[in-house]
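Peer 1: Below is the file start19.txt, with compact mmCIF, C-alpha atoms.
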# COMPACT_ATOMS: atom_id res chain seq x y z
CA MET A 10 167.87 63.27 242.76
CA LEU A 11 171.08 62.76 244.75
CA ILE A 12 170.71 62.02 248.48
CA LEU A 13 173.81 62.25 250.67
CA GLU A 14 173.12 60.51 253.99
CA LEU A 15 175.78 61.73 256.41
CA ASN A 16 174.85 59.77 259.49
CA GLU A 17 174.18 61.71 262.72
CA TYR A 18 176.23 64.80 261.95
CA ASN A 19 175.71 67.76 264.27
CA GLY A 20 174.94 70.67 261.94
CA GLU A 21 176.26 73.42 264.19
CA LEU A 22 179.53 71.56 264.75
CA LEU A 23 180.06 70.72 261.09
CA ARG A 24 179.35 74.31 260.02
CA ARG A 25 181.97 75.58 262.44
CA LEU A 26 184.51 73.08 261.14
CA SER A 27 183.74 73.91 257.50
CA GLU A 28 184.21 77.64 258.20
CA ARG A 29 187.35 77.20 260.31
CA GLN A 30 188.99 74.87 257.76
CA LYS A 31 187.61 76.68 254.70
CA LEU A 32 185.92 73.53 253.37
CA LYS A 33 184.05 75.14 250.49
CA HIS A 34 181.99 72.16 249.26
CA LEU A 35 180.80 71.21 252.72
CA HIS A 36 180.18 74.84 253.66
CA GLU A 37 178.07 75.43 250.56
CA THR A 38 176.03 72.26 251.06
CA LEU A 39 175.37 72.93 254.75
CA ASN A 40 174.10 76.43 253.94
CA TRP A 41 171.46 75.44 251.39
CA ARG A 42 167.76 75.62 252.25
CA ARG A 43 167.37 73.95 255.62
CA THR A 44 164.58 71.71 256.90
CA GLN A 45 164.46 70.63 260.54
CA THR A 46 163.74 66.92 261.03
CA THR A 47 162.56 65.17 264.16
CA THR A 48 161.03 62.01 265.60
CA ASP A 49 158.88 61.22 268.61
CA ASP A 50 161.14 58.25 269.41
CA THR A 51 163.28 58.42 272.55
CA TYR A 52 166.02 56.36 274.19
CA ASP A 53 163.41 54.82 276.48
CA SER A 54 161.41 53.66 273.46
CA GLY A 55 164.42 51.78 272.09
CA PHE A 56 163.95 53.43 268.70
CA LEU A 57 166.31 56.44 268.87
CA GLU A 58 169.02 54.62 266.94
CA PRO A 59 170.26 55.31 263.39
CA TRP A 60 169.46 51.77 262.22
CA VAL A 61 165.85 52.50 263.22
CA GLN A 62 165.48 56.09 262.00
CA TRP A 63 166.95 55.39 258.56
CA VAL A 64 164.34 52.67 258.11
CA SER A 65 161.71 55.32 258.91
CA VAL A 66 163.26 57.70 256.36
CA HIS A 67 163.40 55.01 253.68
CA THR A 68 159.96 53.47 254.25
CA GLY A 69 157.88 56.53 255.17
CA THR A 70 156.72 54.65 258.27
CA ALA A 71 157.17 55.59 261.92
CA ALA A 72 159.22 53.17 264.03
CA SER A 73 156.16 52.36 266.13
CA SER A 74 154.67 50.84 262.96
CA HIS A 75 157.61 49.26 261.12
CA ARG A 76 159.06 47.85 264.41
CA ILE A 77 162.52 47.34 262.95
CA GLN A 78 164.63 47.86 266.04
CA HIS A 79 168.03 46.26 265.42
CA LEU A 80 170.62 45.98 262.69
CA GLY A 81 169.97 42.81 260.73
CA ASP A 82 166.20 42.91 261.25
CA VAL A 83 165.45 43.83 257.63
CA PRO A 84 164.31 40.32 256.59
CA GLY A 85 161.21 41.06 258.65
CA LEU A 86 160.56 44.44 257.01
CA ARG A 87 157.14 44.58 255.34
CA GLU A 88 157.09 48.17 254.09
CA GLU A 89 158.21 49.38 250.65
CA GLN A 90 161.56 51.19 250.72
CA LEU A 91 162.42 54.37 248.84
CA TRP A 92 164.34 52.67 246.02
CA GLU A 93 161.52 50.16 245.60
CA SER A 94 159.07 53.04 245.17
CA TRP A 95 161.40 54.70 242.68
CA SER A 96 161.57 51.44 240.73
CA ARG A 97 157.79 51.12 240.68
CA LEU A 98 157.70 54.63 239.20
CA GLY A 99 160.18 53.56 236.52
CA ARG A 100 163.12 55.46 238.08
CA ARG A 101 166.54 53.77 238.06
CA SER A 102 168.78 54.08 241.10
CA VAL A 103 172.19 53.44 242.64
CA VAL A 104 171.89 52.86 246.40
CA TRP A 105 175.19 52.75 248.29
CA GLY A 106 175.89 51.83 251.92
CA VAL A 107 172.39 52.48 253.27
CA MET A 108 171.90 51.44 256.89
CA ASN A 109 169.55 48.53 257.56
CA GLY A 110 168.18 48.35 254.03
CA SER A 111 167.49 45.58 251.53
CA ARG A 112 167.41 45.60 247.75
CA ARG A 113 164.95 42.71 247.68
CA ASP A 114 163.76 42.24 244.07
CA THR A 115 163.84 45.89 243.03
CA GLU A 116 163.82 45.81 239.23
CA HIS A 117 165.38 49.22 238.57
CA CYS A 118 167.86 49.38 241.46
CA ASP A 119 170.93 48.87 239.28
CA VAL A 120 173.46 48.88 242.13
CA PHE A 121 172.83 48.14 245.82
CA ILE A 122 175.53 48.08 248.51
CA PRO A 123 174.38 47.29 252.08
CA ASP A 124 176.02 48.61 255.24
CA PRO A 125 178.75 46.34 256.72
CA TRP A 126 176.59 45.24 259.67
CA THR A 127 173.44 43.97 257.92
CA PHE A 128 174.67 40.43 257.53
CA SER A 129 171.67 39.13 255.54
CA GLU A 130 172.26 41.45 252.57
CA PRO A 131 174.63 40.80 249.65
CA ALA A 132 175.91 43.43 247.25
CA PHE A 133 174.24 43.75 243.84
CA PRO A 134 175.57 43.11 241.26
CA GLN A 135 177.81 40.40 242.69
CA LYS A 136 180.96 42.08 241.31
CA PHE A 137 180.72 44.58 244.22
CA GLN A 138 180.72 41.87 246.93
CA PRO A 139 184.53 42.03 247.48
CA LEU A 140 184.12 45.68 248.55
CA ILE A 141 181.97 44.77 251.55
CA GLU A 142 183.48 41.50 252.80
CA LEU A 143 186.63 43.04 254.31
CA PRO A 144 184.93 45.96 256.14
CA ARG A 145 182.13 43.56 257.17
CA TYR A 146 184.62 41.16 258.74
CA LEU A 147 186.71 43.87 260.41
CA SER A 148 183.71 45.77 261.81
CA LYS A 149 182.42 42.61 263.49
CA ASN A 150 185.71 41.07 264.66
CA TYR A 151 188.25 43.86 265.13
CA LEU A 152 189.08 42.80 268.72
CA ASP A 153 190.01 39.26 267.69
CA ILE A 154 190.87 39.08 264.00
CA SER A 155 192.28 36.22 261.96
CA LYS A 156 195.31 37.43 260.03
CA ALA A 157 194.72 34.75 257.41
CA ARG A 158 191.10 35.84 256.94
CA VAL A 159 192.11 39.50 256.73
CA ALA A 160 194.79 38.70 254.14
CA LYS A 161 192.29 36.73 252.06
CA GLU A 162 189.58 39.40 252.16
CA ALA A 163 192.09 42.24 251.67
CA THR A 164 193.38 40.59 248.48
CA LYS A 165 189.86 40.42 247.07
CA PHE A 166 189.09 43.95 248.33
CA PHE A 167 192.02 45.62 246.60
CA ALA A 168 191.56 43.56 243.45
CA GLY A 169 187.98 44.80 243.39
CA LEU A 170 189.08 48.38 243.90
CA PHE A 171 191.31 48.30 240.82
CA ARG A 172 188.28 47.27 238.77
CA LEU A 173 185.67 49.48 240.42
CA VAL A 174 187.50 52.74 241.26
CA ARG A 175 189.34 55.18 238.99
CA LEU A 176 193.11 55.03 239.37
CA GLY A 177 193.25 58.74 240.25
CA ASP A 178 190.69 58.20 243.01
CA LEU A 179 192.67 55.22 244.29
CA ALA A 180 195.75 57.41 244.50
CA ASP A 181 193.76 59.98 246.46
CA GLY A 182 192.61 57.18 248.79
CA VAL A 183 196.24 56.27 249.49
CA ARG A 184 196.90 59.94 250.27
CA VAL A 185 193.98 59.95 252.75
CA LEU A 186 195.33 56.77 254.37
CA PHE A 187 198.83 58.18 254.83
CA GLU A 188 197.42 61.42 256.19
CA GLY A 189 195.49 59.39 258.76
CA PHE A 190 198.62 57.41 259.68
CA ARG A 191 200.64 60.61 260.02
CA LYS A 192 198.10 62.17 262.37
CA PHE A 193 196.67 59.22 264.30
CA GLY A 194 198.76 56.14 263.59
CA SER A 195 196.76 52.92 263.32
CA ALA A 196 193.75 54.23 265.26
CA HIS A 197 190.30 53.16 264.07
CA VAL A 198 189.57 56.61 262.67
CA THR A 199 192.39 56.21 260.12
CA PHE A 200 190.90 53.07 258.61
CA ILE A 201 187.25 54.07 258.88
CA VAL A 202 187.83 57.32 256.97
CA PHE A 203 190.03 55.51 254.41
CA PHE A 204 187.45 52.77 253.77
CA GLU A 205 184.59 55.23 253.43
CA TYR A 206 186.56 57.45 251.08
CA LEU A 207 187.28 54.52 248.76
CA SER A 208 183.67 53.37 249.07
CA ALA A 209 182.49 56.82 248.00
CA MET A 210 184.85 56.72 245.03
CA ALA A 211 183.42 53.33 243.97
CA PHE A 212 179.93 54.83 244.32
CA LEU A 213 180.96 57.74 242.11
CA LYS A 214 182.23 55.44 239.36
CA ALA A 215 179.03 53.36 239.57
CA VAL A 216 176.95 56.52 239.14
CA GLU A 217 179.08 57.71 236.23
CA GLU A 218 178.70 54.35 234.48
CA ASN A 219 175.00 53.72 235.20
CA GLU A 220 173.66 57.31 234.99
CA PRO A 221 170.70 56.60 237.33
CA ASP A 222 167.69 58.83 237.86
CA ASP A 223 168.30 58.76 241.62
CA ALA A 224 171.28 57.92 243.83
CA ILE A 225 171.93 57.54 247.56
CA LEU A 226 175.34 57.62 249.27
CA PHE A 227 175.51 56.76 253.00
CA LEU A 228 178.57 57.73 255.09
CA ASN A 229 179.08 56.85 258.76
CA MET A 230 182.50 58.34 259.50
CA PHE A 231 181.31 61.55 261.16
CA ALA A 232 178.96 59.69 263.49
CA HIS A 233 181.96 57.61 264.59
CA VAL A 234 184.25 60.54 265.32
CA GLN A 235 181.52 62.40 267.23
CA HIS A 236 180.90 59.34 269.43
CA HIS A 237 184.61 58.80 270.08
CA TYR A 238 186.50 62.11 269.84
CA TRP A 239 184.14 65.04 270.42
CA THR A 240 185.78 66.32 273.59
CA ASN A 241 185.01 70.00 273.02
CA PRO A 242 181.47 71.16 272.05
CA ASN A 243 182.91 73.67 269.55
CA GLY A 244 185.16 71.08 267.92
CA VAL A 245 188.32 72.90 269.03
CA ASP A 246 191.34 70.62 269.53
CA CYS A 247 189.47 67.66 268.01
CA PRO A 248 191.76 66.71 265.09
CA GLN A 249 189.83 63.52 264.29
CA LEU A 250 186.70 65.61 263.62
CA GLU A 251 188.70 67.98 261.42
CA PHE A 252 190.18 65.05 259.48
CA ALA A 253 186.80 63.45 258.83
CA ALA A 254 185.24 66.81 257.86
CA SER A 255 188.00 67.53 255.34
CA VAL A 256 187.57 64.11 253.70
CA ILE A 257 183.78 64.53 253.57
CA ASP A 258 184.34 67.90 251.89
CA GLU A 259 186.52 66.23 249.26
CA ILE A 260 183.92 63.50 248.68
CA ILE A 261 181.11 66.02 248.25
CA GLY A 262 183.23 68.08 245.86
CA LYS A 263 184.00 65.08 243.65
CA VAL A 264 180.44 63.75 243.68
CA ARG A 265 178.93 67.13 242.92
CA SER A 266 181.32 67.88 240.06
CA ARG A 267 181.29 64.49 238.36
CA THR A 268 177.70 63.27 238.50
CA GLN A 269 175.29 64.14 235.72
CA LEU A 270 173.76 67.61 235.87
CA GLU A 271 170.29 66.28 236.69
CA LEU A 272 171.58 64.80 239.95
CA GLN A 273 173.64 67.88 240.82
CA ASP A 274 170.60 70.12 240.53
CA LYS A 275 168.54 68.11 243.04
CA THR A 276 170.86 67.30 245.92
CA PHE A 277 169.95 66.66 249.56
CA LEU A 278 172.17 66.25 252.63
CA LEU A 279 170.57 64.73 255.73
CA ASN A 280 171.59 63.08 258.99
CA GLY A 281 168.62 60.94 260.09
CA LEU A 282 169.14 62.20 263.63
CA SER A 283 171.92 64.16 265.33
CA GLN A 284 174.27 64.01 268.30
CA LYS A 285 175.11 66.31 271.20
CA CYS A 286 178.46 66.53 272.98
CA THR A 287 178.50 64.77 276.36
CA HIS A 288 181.62 66.40 277.81
CA ASP A 289 179.73 67.62 280.90
CA GLU A 290 177.75 64.41 281.55
CA PRO A 291 178.65 61.38 283.72
CA ALA A 292 180.87 58.81 282.03
CA TRP A 293 179.01 56.39 279.74
CA VAL A 294 181.41 53.62 278.77
CA LEU A 295 180.90 51.37 275.75
CA HIS A 296 182.08 47.82 276.44
CA ARG A 297 182.28 45.14 273.75
CA PRO A 298 182.74 41.36 273.88
CA ILE A 299 186.36 40.52 273.09
CA HIS A 300 185.27 37.39 271.27
CA PRO A 301 181.47 36.99 270.98
CA GLU A 302 181.67 33.26 270.19
CA LYS A 303 183.86 32.49 273.23
CA PHE A 304 181.63 34.58 275.50
CA ILE A 305 178.53 32.69 274.39
CA GLN A 306 180.29 29.33 274.71
CA HIS A 307 181.45 30.33 278.21
CA LEU A 308 177.78 30.68 279.15
CA GLY A 309 177.16 27.11 277.96
CA LEU A 310 175.17 28.10 274.87
CA HIS A 311 175.66 26.58 271.43
CA PRO A 312 173.89 28.54 268.68
CA VAL A 313 174.40 27.41 265.11
CA LYS A 314 175.45 30.93 264.19
CA ILE A 315 176.45 34.19 265.89
CA GLU A 316 176.17 37.46 263.96
CA PRO A 317 177.91 40.35 265.80
CA LEU A 318 176.56 43.79 264.96
CA MET A 319 178.02 47.30 265.15
CA THR A 320 179.21 47.59 268.76
CA ASN A 321 178.07 45.57 271.79
CA ASP A 322 175.27 43.48 270.31
CA ALA A 323 174.62 40.36 268.26
CA HIS A 324 172.03 37.97 266.89
CA LEU A 325 172.18 34.35 268.08
CA ILE A 326 170.61 31.80 265.74
CA PHE A 327 169.63 28.42 267.25
CA SER A 328 168.60 25.14 265.66
CA GLY A 329 165.23 25.03 267.42
CA GLU A 330 162.70 27.13 269.33
CA GLU A 331 163.18 25.27 272.62
CA GLU A 332 166.92 25.85 272.59
CA ALA A 333 166.35 29.53 271.79
CA SER A 334 163.87 29.86 274.67
CA SER A 335 166.34 28.33 277.14
CA ALA A 336 169.04 30.70 275.90
CA PHE A 337 166.68 33.65 276.30
CA GLU A 338 166.06 32.73 279.96
CA LEU A 339 169.75 32.27 280.70
CA LEU A 340 170.84 35.51 279.05
CA ASN A 341 168.11 37.40 280.87
CA SER A 342 169.27 36.05 284.22
CA ILE A 343 172.87 37.32 284.05
CA LYS A 344 173.54 40.00 286.67
CA ILE A 345 176.27 42.57 287.26
CA ASN A 346 176.20 44.65 290.44
CA GLY A 347 172.68 43.32 291.02
CA SER A 348 171.35 44.56 287.65
CA PRO A 349 170.92 42.82 284.27
CA LEU A 350 174.11 42.63 282.23
CA LEU A 351 172.25 42.23 278.93
CA PHE A 352 169.16 43.46 277.16
CA VAL A 353 167.69 40.36 275.50
CA GLU A 354 164.88 40.11 272.97
CA ARG A 355 163.24 37.37 270.91
CA ASN A 356 162.98 37.96 267.18
CA SER A 357 159.33 38.53 266.34
CA HIS A 358 159.73 36.99 262.87
CA ASP A 359 161.87 33.96 263.71
CA PRO A 360 161.51 32.24 267.12
CA LYS A 361 164.92 30.58 266.70
CA VAL A 362 166.71 33.97 266.76
CA ILE A 363 167.71 35.87 269.91
CA PHE A 364 169.07 39.42 270.00
CA TYR A 365 171.26 40.59 272.86
CA ARG A 366 173.00 43.87 273.69
CA LEU A 367 175.25 44.73 276.59
CA ASP A 368 173.18 46.90 278.93
CA PHE A 369 175.98 47.98 281.26
CA PHE A 370 177.86 51.26 280.80
CA ASP A 371 179.72 51.88 284.08
CA GLU A 372 183.46 52.06 284.53
CA VAL A 373 185.00 48.77 285.66
CA SER A 374 188.05 47.47 287.50
CA ASP A 375 189.86 44.13 287.40
CA GLU A 376 187.61 43.05 290.29
CA THR A 377 184.30 43.64 288.50
CA THR A 378 182.39 40.38 288.02
CA PHE A 379 179.09 39.14 286.60
CA VAL A 380 176.97 36.22 287.76
CA HIS A 381 175.41 33.60 285.49
CA GLY A 382 173.69 30.61 287.04
CA ASN A 383 175.92 29.44 289.90
CA GLN A 384 179.08 30.86 288.34
CA VAL A 385 180.93 34.12 288.83
CA SER A 386 183.09 35.43 285.96
CA VAL A 387 185.52 38.34 285.74
CA PHE A 388 184.13 41.04 283.45
CA GLU A 389 187.46 41.96 281.85
CA ASP A 390 188.07 38.32 280.85
CA HIS A 391 185.23 38.64 278.34
CA PHE A 392 184.74 42.36 277.62
CA VAL A 393 186.93 45.33 276.78
CA SER A 394 186.12 49.00 277.28
CA ILE A 395 186.08 50.61 273.83
CA VAL A 396 185.41 54.26 274.55
CA THR A 397 183.86 56.68 276.98
CA ARG A 398 181.17 58.17 274.75
CA THR A 399 181.68 61.79 273.71
CA GLY A 400 178.50 62.22 271.65
CA LYS A 401 174.99 60.82 272.12
CA HIS A 402 171.89 60.67 269.93
CA VAL A 403 169.27 63.42 269.97
CA GLN A 404 165.89 63.52 268.23
CA SER A 405 166.47 66.62 266.13
CA GLY A 406 168.15 66.48 262.75
CA GLU A 407 168.24 68.40 259.52
CA ILE A 408 168.19 68.21 255.76
CA THR A 409 169.70 70.81 253.45
CA SER A 410 168.74 70.98 249.78
CA ASN A 411 169.49 73.06 246.70
CA CYS A 412 165.93 72.80 245.38
CA GLU A 413 162.54 73.84 246.65
CA GLY A 414 159.75 71.60 247.82
CA LEU A 415 160.48 70.60 251.42
CA PRO A 416 158.68 72.22 254.39
CA SER A 417 160.62 73.95 257.17
CA ARG A 418 159.99 71.12 259.63
CA ILE A 419 159.21 67.44 259.05
CA TYR A 420 159.19 64.05 260.76
CA ASN A 421 161.74 61.49 259.56
CA HIS A 422 159.02 59.15 258.38
CA GLU A 423 157.42 61.89 256.27
CA LEU A 424 160.48 62.45 254.06
CA LYS A 425 159.86 59.52 251.73
CA SER A 426 156.66 61.05 250.36
CA TYR A 427 158.71 64.05 249.15
CA PHE A 428 161.53 61.92 247.71
CA THR A 429 159.03 59.96 245.63
CA ASN A 430 157.07 63.03 244.56
CA GLU A 431 157.34 63.54 240.82
CA SER A 432 157.12 67.34 241.09
CA LEU A 433 160.03 67.44 243.57
CA ALA A 434 162.04 65.11 241.35
CA ALA A 435 161.53 67.56 238.50
CA ALA A 436 162.35 70.66 240.57
CA GLY A 437 165.76 72.24 240.30
In structure tokens, what does this structure look like?

Peer 2:
Amino acid sequence: MLILELNEYNGELLRRLSERQKLKHLHETLNWRRTQTTTDDTYDSGFLEPWVQWVSVHTGTAASSHRIQHLGDVPGLREEQLWESWSRLGRRSVVWGVMNGSRRDTEHCDVFIPDPWTFSEPAFPQKFQPLIELPRYLSKNYLDISKARVAKEATKFFAGLFRLVRLGDLADGVRVLFEGFRKFGSAHVTFIVFFEYLSAMAFLKAVEENEPDDAILFLNMFAHVQHHYWTNPNGVDCPQLEFAASVIDEIIGKVRSRTQLELQDKTFLLNGLSQKCTHDEPAWVLHRPIHPEKFIQHLGLHPVKIEPLMTNDAHLIFSGEEEASSAFELLNSIKINGSPLLFVERNSHDPKVIFYRLDFFDEVSDETTFVHGNQVSVFEDHFVSIVTRTGKHVQSGEITSNCEGLPSRIYNHELKSYFTNESLAAAG
């Protein structure tokens, strides 16, 4: 089977865009048999995040049981993932870009590409590693990049592309890039859509060459544009959403036409969870550390390693438990406007690891400060406001499929049992 994981897309919005822009591949896929998905997890539970819900989808385990709560937590995952189950059944797979997943020692997972934020996971086989190093570096450091590091990783990235992507698909990627520049200049959306298009083309070549029994392609671009550019609930006058939708349509068209017939006949599109437009809600501002290492050093902490994650969070790795405990107390004590600046958590699997996330979402001025110990620091010296959120997570999601076998409504953690069911795998 072929599983297209289009992270967090709003089905109603994407259907409108596909109809308005006459995106035939996307329109067809979105109008297959539809199953409503859901979860009992909420924002208050800390589990209504894509890097949690995709773990539930892939392991068949509710978040309350698997307890994987943050990106990069997968070394502590105990449950068997979907591709591991396929391998145990003798089914070969290509797994591309999945969020918060690990290949581990899966015998029949012929290709595994992790998401850019799960720092513990390498690409497999190693020849694909150059494709993830550049987006991994940029996604973690885009506010304070090293030009020398970018040049080094970009050289390896494009050299890898020439080996791992068809020349015609590379040319189409350049077209997508220039279209993004023409419409949006050097905005993040231009590069995110470009990278994911090329990634999808590398996935397609890997599938063509390996001819797996099952394949997964994960794309995050539409989640990004909904969070950042969804200013009208109907998607009107939101050119970034239209751009991403048109590129997704092209990806689906190529994947559906060029993969082996067995995969084409058993295709699923799902979102893990969805988003709703927040145009009529109070401003919720995403702030991010300008330079995570300098911020942590400013607090007087000296971890042996800092691993930034997707937005406003990071793992801090210390040399000993005592040092980690002291850091936990200090980070917990930081206040802004009388409230905690950070959400801080110890890693349940490694006492030397601390997770932190900025827990402040108000608008700021150049006079906004935070207090740590006996010191007062200016907020804008250490953080920058990235975006006023335009889309937020909701529990409901969907899956569309061109084969029978799924019920009309299902929990996220129940999906795996259908994806590993031999009768569903044989259905067409």

Peer 1: Using only C-alpha atoms, which residue out of A:Leu340, A:Leu26, A:Met210, A:Ala323 lies closest to Lys263 (chain A)?

Peer 2: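 For Lys263 (chain A), the nearest of the given residues is A:Met210.
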
Peer 1: What's the separation between CA of Gln284 (chain A) and CA of Asp82 (chain A), in Å to one decimal place?

Peer 2: 23.7 Å

Peer 1: By how many Å are CA of Gly414 (chain A) and CA of Leu279 (chain A) apart?

Peer 2: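 CA of Gly414 (chain A) sits 15.1 Å away from CA of Leu279 (chain A).
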
Peer 1: So what do you get for CA of Trp63 (chain A) versus CA of His236 (chain A), distance-wise?

Peer 2: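 Going from CA of Trp63 (chain A) over to CA of His236 (chain A) covers 18.1 Å.
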
Peer 1: Pick from A:Lys314, A:Arg87, A:His75, A:His197: nearest to Ser111 (chain A), with all atoms listed in the file counted?

Peer 2: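 Closest candidate: A:Arg87.
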
Peer 1: Pick the closest to Phe203 (chain A) from A:Lys303, A:Arg184, A:His402, A:Arg101: which is it, counting only C-alpha atoms?

Peer 2: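 Checking each of A:Lys303, A:Arg184, A:His402, A:Arg101 against Phe203 (chain A), counting only C-alpha atoms, the winner is A:Arg184.
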
Peer 1: With all atoms listed in the file as the basis for distance, which of A:Leu282, A:Ala163, A:Met10, A:Leu295 is at the shortest distance from Ser394 (chain A)?

Peer 2: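 Checking each of A:Leu282, A:Ala163, A:Met10, A:Leu295 against Ser394 (chain A), counting all atoms listed in the file, the winner is A:Leu295.
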
Peer 1: Would you mind telling me which residue in A:Val373, A:Val403, A:Val234, A:Leu367 lies nearest to Asp50 (chain A) when using only C-alpha atoms?

Peer 2: A:Val403

Peer 1: Excluding Leu228 (chain A) and any residue of its chain fewer than 6 positions from it, enumerate the residues within 8 Å of it, using only C-alpha atoms, and give them as a PyMOL selection string.

Peer 2: chain A and resi 13-16+106+205

Peer 1: The residues within 12 Å of (180.4, 46.6, 246.0), using all atoms listed in the file and the coordinates of the file, should be reported as a PyMOL selection string; which are they?

Peer 2: chain A and resi 103-106+119-125+130-145+165-170+172-174+207-215

Peer 1: Could you build a table of the residues in region 226-298 of chain A lying no more than 9 Å from region 32-43 of chain A, giving for each the nearest pair of atoms and their separation in Å rounded to one decimal place, using only C-alpha atoms, ordered by chain and ascending residue number, as JSON lines?

Peer 2:
{"residue": "A:Ala254", "atom": "CA", "partner": "A:Leu35", "partner_atom": "CA", "distance": 8.1}
{"residue": "A:Ser255", "atom": "CA", "partner": "A:Leu32", "partner_atom": "CA", "distance": 6.6}
{"residue": "A:Ile257", "atom": "CA", "partner": "A:Leu35", "partner_atom": "CA", "distance": 7.4}
{"residue": "A:Asp258", "atom": "CA", "partner": "A:Leu35", "partner_atom": "CA", "distance": 4.9}
{"residue": "A:Glu259", "atom": "CA", "partner": "A:His34", "partner_atom": "CA", "distance": 7.5}
{"residue": "A:Ile260", "atom": "CA", "partner": "A:His34", "partner_atom": "CA", "distance": 8.9}
{"residue": "A:Ile261", "atom": "CA", "partner": "A:His34", "partner_atom": "CA", "distance": 6.3}
{"residue": "A:Gly262", "atom": "CA", "partner": "A:His34", "partner_atom": "CA", "distance": 5.5}
{"residue": "A:Arg265", "atom": "CA", "partner": "A:His34", "partner_atom": "CA", "distance": 8.7}
{"residue": "A:Thr276", "atom": "CA", "partner": "A:Thr38", "partner_atom": "CA", "distance": 8.8}
{"residue": "A:Phe277", "atom": "CA", "partner": "A:Thr38", "partner_atom": "CA", "distance": 8.4}
{"residue": "A:Leu278", "atom": "CA", "partner": "A:Thr38", "partner_atom": "CA", "distance": 7.3}

Peer 1: So which one's closest to Tyr151 (chain A), A:Glu217, A:Trp92, A:Thr429, A:Ile395? Using all atoms listed in the file, please.

Peer 2: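 Answer, going by the shortest atom-to-atom distance: A:Ile395.
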
Peer 1: Find the residues near His67 (chain A): any atom within 12 Å, counting only C-alpha atoms, skip ones fewer than 4 places away on the same chain, and give them as number ranges by chain.

Peer 2: A: 12, 14, 59-63, 71-72, 75, 86, 88-95, 104, 107-112, 225, 281, 421-429

Peer 1: Got a sec: who's within 12 Å of region 374-386 of chain A, counting all atoms listed in the file, leaving out chain neighbours fewer than 5 positions off, as a list in words?

Peer 2: Phe304, Ile305, His307, Leu308, Gly309, Leu310, Ala336, Glu338, Leu339, Leu340, Asn341, Ser342, Ile343, Lys344, Ile345, Asn346, Gly347, Ser348, Pro349, Leu350, Leu351, Phe369, His391, Phe392, Val393 and Ser394 of chain A

Peer 1: Fewer than 5 positions away in the same chain doesn't count, so skip those; otherwise give me all residues within 9 Å of Lys192 (chain A), counting all atoms listed in the file, as a ChimeraX atom specification.

Peer 2: /A:187,199,248-249,252

Peer 1: Please list as a list in words every residue within 9 Å of Asn321 (chain A), counting all atoms listed in the file and excluding residues in the same chain fewer than 4 positions away.

Peer 2: Leu295, His296, Arg297, Pro298, Pro317, Tyr365, Arg366, Leu367 and Asp368 of chain A
